[in-house]
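Enquirer: Here it is, the structure in full.
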Amino acid sequence: MLNYFLRRLVGLVPMFLVVSFISFTIIQLPPGDFVTTLISQMMAAGDSGSLARADLLREQYNLNDPFLVRYWDWLSGILVGDFGVSVMFQGAEVADLIGTGFLFTILLGGISLIFAWSLAIAIGIYSATHRYGIADYSFTFLGFIGLAVPPFLTSLLYVFAAVFIFGADQVGGLYSAEFRDAPWSLARLYDLLAHMWFPVAVLTLGGMAGTMRIMRGSLIDVLNQQYIATARAKGLSERTVVLKHGARVAINPLISRLSMIIPDLFSNVIIVSVVLNLPTLGPLFLRSLLGQDMFVAGAILLILAVFVLVGNLLADLALAWSDPRIRLE
C-alpha cells in the first residue's frame with residue numbers, strides 16, 4: 001500500500017506542473033491586464049497622471065517580461081509559499097487575502113461532502129433493498145430534483161423567498177451584522193451555525209443526488225450476484241449480507257466518483273458563495289477576475305485545480321484500500 005501511495009504521489013508532480021501552466025495561461029487570456037483595468041478606473045475618477053504610472057506598474061509587476069519568464073516567477077514563488085501581492089487590494093499579500101476564504105471554503109465543502117456521502121449511501125442502500133415502494137419513488141424524485149436544479153438557482157430561489165415572501169432584512173453571509181467582526185464566542189459560533197445550514201443543505205442536495213442513484217443501482221447489481229445467494233444459503237442474516245458482503249463491493253463505483261465529486265463540490269461552494277455573499281473564495285475570485293488581478297485569480301484557480309488532483313489521489317487510495325487488486329496493477 002505504501003509503494004502504491006508513493007507511486008501515485010510522484011505521479012502528481014508532472015500533473016501539478018501541467019495544471020499550473022494551464023491555470024496561468026487561462027488567467028492571461030483576456031485582453032489587457034490588471035494595469036489596464038486599474039488605469040481605466042483611475043482615468044474615470046479624473047486622475048490625469050494615471051497614464052504616466054502605467055509603465056512603472058508594468059515594470060514593477062514584470063508584465064513586460066516574456067510569458068514563460070512570468071510563469072516561472074509566479075510558479076517559483078508559489079512553491080515557497082509566496083503567492084505574490086494584489087494590485088486590486090493595494091499591495092496586500094495574496095496569501096493573506098485567500099487565507100480566511102480558503103478555510104471557510106474547506107469548512108463548507110467538507111461538511112457538505114460528509115453529509116452528502118453519508119445520506120447518499122444510506123438512502124442508496126435503503127432504496128436498493130426496498131425497491132418500487134413509496135420511499136424509493138420519493139428518494140428517486142428527490143434525486144432528480146437535485147440533479148436538475150443547479151445549486152446557484154436554489155440559492156437564488158432562497159433569496160427571492162426570504163426577501164419577497166418572508167420580508168427578511170438580511171439574506172446571505174455567515175454572520176449577523178453584530179457578530180461579523182466580533183471575537184470568537186459561543187454566541188458567535190451559534191450565529192455561524194444558524195447561517196450555515198442553508199448553504200450546507202444546498203450543497204448536500206446537489207452532491208448526494210447522483211451519488212445515491214449510483215449506490216442504488218450498484219447495490220441492486222451486486223445483490224443479484226451468485227456469492228450473495230451463497231451467503232444467504234449459509235444462513236447469514238439479511239443485514240449482514242447487505243452491509244458486509246453487498247455494500248462493501250457496491251461502494252467501489254462511488255469511490256471512483258470521488259475524484260469528480262470533490263472538485264465539483266468545491267466549485268459549487270464558490271458559485272453559491274457569490275450568490276449568498278459568503279466569505280469563501282467565491283466573491284474574491286469573482287472580483288479578481290473582473291479586475292484582472294492575475295495573482296489573486298491565478299492562486300484561487302490553482303487551488304481549485306489542486307482539489308482535482310487531491311480528489312483523484314484520495315479516490316485511488318480509497319479504491320486500493322477497498323479492493324486490494326488495484327495495488328497489483
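Convention: chains lettered A, B, ... in C-alpha cells order; per-chain residue numbering from 1; ligands numbered from 1 as shown.
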Can you list, as a VMD selection string, every protein, DNA or RNA residue that comes within 12 Å of A:Leu258 when you count only C-alpha atoms, leaving out same-chain residues fewer than 2 positions away?
Expert: chain A and resid 113 to 114 116 to 117 207 to 208 210 to 211 251 to 256 260 to 265 307 to 319
Enquirer: Stretch 25-274 of chain A: which residues are strand (DSSP E or B) by DSSP, as an MDAnalysis selection string?
Expert: chainID A and resid 85:86 92:93
Enquirer: Given the selection you just returned, output its residues as a file containing C-alpha atoms, formatted as an mmCIF file, in the first residue's frame.
Expert:
data_model
loop_
_atom_site.group_PDB
_atom_site.id
_atom_site.type_symbol
_atom_site.label_atom_id
_atom_site.label_comp_id
_atom_site.auth_asym_id
_atom_site.auth_seq_id
_atom_site.Cartn_x
_atom_site.Cartn_y
_atom_site.Cartn_z
ATOM 1 C CA VAL A 85 0.762 40.729 -3.987
ATOM 2 C CA SER A 86 -2.565 42.051 -5.169
ATOM 3 C CA ALA A 92 -1.953 43.155 0.086
ATOM 4 C CA GLU A 93 -0.394 39.711 0.240
#
Enquirer: DSSP on the backbone: which residues in stretch 168-266 of chain A end up as helix (DSSP H, G or I)? Give the answer as a PyMOL selection string.
Expert: chain A and resi 177-179+186-223+226-233+238-250+252-266
Enquirer: What does the file look like for those residues with C-alpha atoms, as a short mmCIF file (atom, residue, chain, number, x, y, z; two decimals), in the first residue's frame?
Expert:
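And here's again-v7.cif as it stands now:
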data_model
loop_
_atom_site.label_atom_id
_atom_site.label_comp_id
_atom_site.auth_asym_id
_atom_site.auth_seq_id
_atom_site.Cartn_x
_atom_site.Cartn_y
_atom_site.Cartn_z
CA ALA A 177 -24.16 42.19 11.47
CA GLU A 178 -23.32 42.32 15.20
CA PHE A 179 -21.12 39.19 15.00
CA LEU A 186 -20.28 30.63 21.89
CA ALA A 187 -22.78 33.22 20.71
CA ARG A 188 -20.77 33.87 17.53
CA LEU A 189 -20.39 30.13 16.92
CA TYR A 190 -24.15 29.64 17.30
CA ASP A 191 -24.75 32.53 14.88
CA LEU A 192 -22.37 30.89 12.38
CA LEU A 193 -24.20 27.56 12.61
CA ALA A 194 -27.57 29.32 12.24
CA HIS A 195 -26.42 30.87 8.94
CA MET A 196 -24.53 27.85 7.66
CA TRP A 197 -27.39 25.37 7.45
CA PHE A 198 -28.82 26.58 4.15
CA PRO A 199 -25.56 26.61 2.10
CA VAL A 200 -24.74 23.17 3.51
CA ALA A 201 -28.25 21.92 2.64
CA VAL A 202 -27.98 23.23 -0.94
CA LEU A 203 -24.53 21.72 -1.47
CA THR A 204 -25.56 18.44 0.18
CA LEU A 205 -28.60 18.07 -2.05
CA GLY A 206 -26.54 18.63 -5.19
CA GLY A 207 -23.76 16.33 -4.00
CA MET A 208 -25.89 13.40 -2.93
CA ALA A 209 -28.39 13.37 -5.82
CA GLY A 210 -26.31 11.47 -8.33
CA THR A 211 -24.36 9.53 -5.70
CA MET A 212 -27.41 7.87 -4.15
CA ARG A 213 -28.67 6.81 -7.60
CA ILE A 214 -25.31 5.20 -8.35
CA MET A 215 -25.26 3.46 -4.97
CA ARG A 216 -28.78 2.13 -5.52
CA GLY A 217 -28.04 0.77 -8.98
CA SER A 218 -24.69 -0.69 -7.99
CA LEU A 219 -26.11 -2.46 -4.93
CA ILE A 220 -29.00 -3.90 -6.95
CA ASP A 221 -26.48 -5.43 -9.37
CA VAL A 222 -24.35 -6.80 -6.54
CA LEU A 223 -27.31 -8.35 -4.70
CA GLN A 226 -24.08 -15.67 -7.03
CA TYR A 227 -21.87 -15.10 -3.99
CA ILE A 228 -24.72 -13.13 -2.38
CA ALA A 229 -27.01 -16.11 -2.93
CA THR A 230 -24.35 -18.33 -1.35
CA ALA A 231 -24.13 -16.05 1.68
CA ARG A 232 -27.89 -16.22 2.12
CA ALA A 233 -27.82 -20.00 1.73
CA GLU A 238 -30.07 -10.18 5.54
CA ARG A 239 -28.45 -7.22 7.32
CA THR A 240 -25.05 -8.96 7.24
CA VAL A 241 -25.48 -9.98 3.60
CA VAL A 242 -26.40 -6.45 2.50
CA LEU A 243 -23.96 -4.41 4.58
CA LYS A 244 -20.94 -6.69 4.83
CA HIS A 245 -21.00 -8.55 1.53
CA GLY A 246 -23.07 -6.33 -0.74
CA ALA A 247 -22.47 -2.71 0.18
CA ARG A 248 -18.71 -3.16 0.52
CA VAL A 249 -18.46 -4.12 -3.16
CA ALA A 250 -21.22 -1.81 -4.37
CA ASN A 252 -16.49 0.91 -5.34
CA PRO A 253 -18.13 2.97 -8.14
CA LEU A 254 -18.80 5.71 -5.59
CA ILE A 255 -15.15 5.74 -4.55
CA SER A 256 -14.12 6.09 -8.19
CA ARG A 257 -16.54 9.01 -8.49
CA LEU A 258 -14.91 10.75 -5.53
CA SER A 259 -12.32 12.25 -7.89
CA MET A 260 -15.13 14.14 -9.64
CA ILE A 261 -17.27 14.90 -6.60
CA ILE A 262 -14.60 16.82 -4.65
CA PRO A 263 -13.73 19.43 -7.33
CA ASP A 264 -17.38 19.70 -8.37
CA LEU A 265 -18.46 20.28 -4.78
CA PHE A 266 -15.88 22.96 -4.13
#
Enquirer: When you count only C-alpha atoms, which of these residues is closest to A:Val94: A:Gly77, A:Gly167, A:Gly282, A:Gly110?
Expert: A:Gly77
Enquirer: Point out the residue among A:Ala299, A:Val171, A:Leu147, A:Ile134 with the least atom-to-atom distance to A:Phe102, counting only C-alpha atoms.
Expert: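 The closest residue to A:Phe102 is A:Ala299.
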Enquirer: How many Å lie between atom CA of A:Ser20 and atom CA of A:Arg58, rounded to one decimal?
Expert: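 According to the coordinates, atom CA of A:Ser20 and atom CA of A:Arg58 are separated by 22.4 Å.
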Enquirer: Just the number, please: distance in Å from atom CA of A:Ala320 to atom CA of A:Pro14, one decimal.
Expert: 21.9 Å
Enquirer: Using only C-alpha atoms for the distances, tell me which of A:Gln90, A:Gln292, A:Ser237, A:Ser155 is nearest to A:Gln28.
Expert: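 Selected residue with least distance to A:Gln28: A:Gln292.
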